[in-house]
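Engineer: I'd like to ask some things about the structure below.
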Amino acid sequence: MSILVFVEIAEGKIKKTSIEAVAYATAMGGEVTALAMGDIDQSELAALGNYGATKVIHAGDSRLNDGVILAYANVITAAMKTSGANTLVLANSSLGGSVSAHVSIKMNASLVSNVVALPETSGDFKVKRSIYTGKAFATVVLNKANKILAIKKNAVEIKETGGTASVESFEADLSDHDFLTKITGVQKATGDVLLPEAEIVVSGGRGLKGPENWGIIEDLAKALGAATGCSKPVSDMDWRPHHEHVGQTGVKVSPSLYIAVGISGAIQHLAGVNSSKYIVVINKDEEAPFFKAADYGIVGDAFEVLPKLTEAIKAANQ
Amino acid sequence: MKILVCITHVPDTTSKIAFTDGDTKFDTTGVQYIIGPYDDYALARAVELKEQTEGSITVLNVGTAETEPTIRKALAIGADDAIRVNAEPTDSLFVAQQIANAVKKEGFDLILMGRESLDFNGGMVHGMVGELLGIPSVSPVMTLDMDGFTAKMTRETEGGKESIELDLPFVAGCQEPIAEWKIPNMRGIMSARSKPLNVIEPTGNDQGATLEKYELPAAKGAVKMVSADNVQELVDLLKNEAKIL
Ligand SMILES: Cc1cc2nc3c(=O)[nH]c(=O)nc-3n(C[C@H](O)[C@H](O)[C@H](O)COP(=O)(O)OP(=O)(O)OC[C@H]3O[C@@H](n4cnc5c(N)ncnc54)[C@H](O)[C@@H]3O)c2cc1C
């Protein structure tokens, strides 16, 4: 089996979710070729060998620095055909979702998104995916010879193999049609750690009473190297930017640790956090439904508990 | 501008998720159905665009007869007419093909839908429809404004957002804050009853993936409570038990 992995680049580095995709493909067995697009250091690409890729192909066309969906889909399709791969693995990201959908039609492939485990391939090719925003799973059979798996964060453990990969440049025929979508600007999210990919998330809800009180959330996040999130009403009221809205209709997170402060734990909020490894809830109401979904809980006033917790974490870090 | 809004008919966000028939069927007992919340954003924006640019809105749903109340609700919110493709929406590829066929027949300038459905969370129908029609797709779209035939949009990424310009026709998968959900008023509800709802039969039966079984996640263990006066205990648990810090 020959597998192509599409890896995404952010700030000159391969994204961690894409490294997980390489690790996933390696764990599937077979020959793993990674494909990267746009400007990036060759050494970054060669380092993918450490996660099991034997070869990295690089479409360095500078028009591919921006994630233009049609162009990306065409390059991936060309790379699958050239490398003879019948399986594509990629991260289930903002860009990866759309790109993989276009490729699935071009390649007449079965596409499954939100994949949470390695496939079973003894009989039919089956894979487990998350559905109902993490409230359930479905095992599905992929019907077509060509297959595309879009992997949810934390579906596999990243293992270092100590290998190195050769890097080759790759050119695909791209037409003006591929660049119909013009990306005219890119605005970076505020905060040092990106919410969808964060290992630790500290989220605040309506219990914080107003945007002026977010300092205690930010201080705790900083002490933990965490991203900040919020509940939907908080972003609806513009206390926090929309990209911080966590839940069924917002960002779905799967961190190692999710800390919820002054959030009641409505079912729609829980749906966005239920694949976190550990959940800590801080709420002044001992009846708050969030405690039922938590691993650790503190009943108390956020304005008193948070500064103390931040200090205790800072002390533990030293 | 002719706008198509594709809607899903999904369990209300508060529904209890359970399965029957040896974990092969969703248990619909007591479940209320709604327009997919992301589709509802797309529809709300379509209604605003229609007011600004003069045009028409058709809603499309791939579903069996029981989805008609959901379709009528979309008509009450402001769509002019509706198409129901009479089939179970069992697979993204199948659904995308039905939508693409309808677009080829009727011709639409702008095709909107939610970024993903709330039940299967596939997030791929917009991209598939775009490719089947040979036009671009963009998702997840946070804002969409028309300037003649050119749309100005913002798309959310993990690292922030992108500003995009794109000429019609194209497909967009929508999310907040593109518009606020609209609640149908009495006039809308009355007029929805007489708006055309055309039922057409599906074409083909190409399925990308077939369900084998459903499963629920393992139940969570009991929560460990820590006193608010002893936050150090929480730090110790995170360090020694969860091994996170
Ligand atoms: C279709 C639909 C989709 C939705 N999608 C989402 C979604 O994606 N994400 C989402 O978050 N919501 C979503 N919601 C909204 C959801 O139902 C809840 O309304 C929302 O999550 C509540 O936000 P909250 O917990 O911040 O506020 P509240 O429910 O008001 O809770 C505030 C909490 O703060 C506590 N508190 C108050 N003061 C303090 C203090 N000093 N110290 C500590 N604790 C304090 C209170 O005890 C309470 O538990 C959706 C709703 C619908 C209908």
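Residue numbering restarts at 1 in every chain; chains get A, B, ... in the order shown in the structure tokens, and ligands count up from 1 in that same order.
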For chain A against chain B, which residues fall within 7 Å using only C-alpha atoms, given as JSON, numbers by chain?
Structural biologist: {"A": [70, 94, 97, 98, 101, 102, 105, 110, 111, 113, 131, 132, 133, 135, 136, 137, 138, 139, 140, 141, 142, 143, 144, 180, 181, 182, 183, 184, 185, 186, 187, 188, 189, 194, 196, 267, 268, 291, 292, 293, 294, 295, 296, 297, 298, 299, 300, 305, 308, 309, 312, 313]}
Engineer: So which residues are near ligand 1, meaning at most 6 Å away with only C-alpha atoms and all ligand atoms counted, given back as a list in words?
Structural biologist: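 Here is the list of contacting residues: Gly205, Arg206, Gly207, Ser231, Lys232, Pro233, Val246, Gly247, Gln248, Thr249, Gly250, Gly262, Ile263, Ser264, Gly265, Ala266, Gln268, His269, Asn283, Lys284, Asp285, Ala288, Gly300, Asp301, Ala302 and Phe303 of chain A; Thr13 and Pro37 of chain B.
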Engineer: Have a look at atom CA of B:Ala192 and atom CA of B:Lys73 and let me know their distance in Å, one decimal.
Structural biologist: 7.5 Å
Engineer: Among stretch 59-172 of chain B, which residues does DSSP mark as alpha helix (DSSP H) when it is run on the backbone? Keep the chain and numbering as in the structure and answer as a ChimeraX atom specification.
Structural biologist: /B:68-77,92-106,125-133
Engineer: What are the DSSP strand (DSSP E or B) residues of stretch 68-114 of chain B, as a ChimeraX atom specification?
Structural biologist: /B:81-85,110-114
Engineer: Tell me which protein, DNA and RNA residues are within 12 Å of B:Thr203, counting only C-alpha atoms, leaving out same-chain ones fewer than 5 positions away, and put them as a count of residues only.
Structural biologist: 13
Engineer: Name the residues in contact with A:Ala78 at a cut-off of 8 Å, using only C-alpha atoms, excluding same-chain residues fewer than 4 positions from it; report them as a PDB file with all heavy atoms, in the first residue's frame.
Structural biologist:
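What follows is the written file part11.pdb:
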```
ATOM      1  N   ASN A  74      -5.794  20.180  -6.677  1.00  0.00           N
ATOM      2  CA  ASN A  74      -5.178  19.713  -7.916  1.00  0.00           C
ATOM      3  C   ASN A  74      -3.776  19.177  -7.701  1.00  0.00           C
ATOM      4  O   ASN A  74      -3.391  18.175  -8.293  1.00  0.00           O
ATOM      5  CB  ASN A  74      -5.140  20.855  -8.947  1.00  0.00           C
ATOM      6  CG  ASN A  74      -6.304  20.737  -9.897  1.00  0.00           C
ATOM      7  OD1 ASN A  74      -6.843  19.638 -10.088  1.00  0.00           O
ATOM      8  ND2 ASN A  74      -6.712  21.838 -10.478  1.00  0.00           N
ATOM      9  N   THR A  82       0.938  10.538  -9.503  1.00  0.00           N
ATOM     10  CA  THR A  82       2.359  10.337  -9.772  1.00  0.00           C
ATOM     11  C   THR A  82       2.958   9.287  -8.848  1.00  0.00           C
ATOM     12  O   THR A  82       3.734   8.437  -9.269  1.00  0.00           O
ATOM     13  CB  THR A  82       3.139  11.657  -9.585  1.00  0.00           C
ATOM     14  OG1 THR A  82       2.448  12.685 -10.271  1.00  0.00           O
ATOM     15  CG2 THR A  82       4.560  11.547 -10.104  1.00  0.00           C
ATOM     16  N   ALA A 172       3.107  20.660 -10.364  1.00  0.00           N
ATOM     17  CA  ALA A 172       1.836  20.251 -10.947  1.00  0.00           C
ATOM     18  C   ALA A 172       1.399  21.347 -11.904  1.00  0.00           C
ATOM     19  O   ALA A 172       1.736  22.511 -11.704  1.00  0.00           O
ATOM     20  CB  ALA A 172       0.803  20.056  -9.854  1.00  0.00           C
TER      21      ALA A 172
END
```
Engineer: Rounded to one decimal place, report the atom CA of B:Val103-atom CA of A:Gly67 distance in Å.
Structural biologist: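 Interatomic distance here is 26.5 Å.
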Engineer: Between atom CA of A:Val280 and atom CA of A:Val251, measure the distance and give it in Å to one decimal.
Structural biologist: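 Rounded to one decimal, the two atoms are 18.4 Å apart.
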Engineer: Between A:Ala91, A:Leu45, A:Leu174, A:Ala223, which one has atoms that come closest to A:Glu197, using only C-alpha atoms?
Structural biologist: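 Using only C-alpha atoms, the shortest distance to A:Glu197 belongs to A:Ala91.
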Engineer: Which residues are close to A:Asn92, i.e. within 8 Å by only C-alpha atoms, leaving aside same-chain residues fewer than 4 positions away? Reply as a PyMOL selection string.
Structural biologist: chain A and resi 96-97+113-114+150-153
Engineer: Could you dump the residues just selected with N, CA and C atoms as a short mmCIF file (atom, residue, chain, number, x, y, z; two decimals), in the first residue's frame?
Structural biologist:
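Generated output (out_34.cif):
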```cif
data_model
loop_
_atom_site.label_atom_id
_atom_site.label_comp_id
_atom_site.auth_asym_id
_atom_site.auth_seq_id
_atom_site.Cartn_x
_atom_site.Cartn_y
_atom_site.Cartn_z
N GLY A 96 -8.07 21.38 5.32
CA GLY A 96 -8.04 19.98 4.92
C GLY A 96 -9.42 19.43 4.58
N GLY A 97 -10.44 19.88 5.31
CA GLY A 97 -11.80 19.39 5.06
C GLY A 97 -12.23 19.68 3.63
N SER A 113 -14.19 11.79 7.29
CA SER A 113 -13.58 12.83 8.12
C SER A 113 -13.73 12.49 9.60
N ASN A 114 -13.09 13.27 10.46
CA ASN A 114 -13.16 13.06 11.92
C ASN A 114 -12.79 11.65 12.35
N ALA A 150 -9.46 11.84 6.83
CA ALA A 150 -9.14 13.11 7.48
C ALA A 150 -9.17 12.86 8.98
N ILE A 151 -8.02 13.02 9.62
CA ILE A 151 -7.79 12.53 10.98
C ILE A 151 -8.08 13.61 12.01
N LYS A 152 -8.87 13.26 13.01
CA LYS A 152 -9.14 14.18 14.11
C LYS A 152 -7.92 14.26 15.01
N LYS A 153 -7.74 15.42 15.64
CA LYS A 153 -6.60 15.61 16.53
C LYS A 153 -6.57 14.52 17.61
#
```
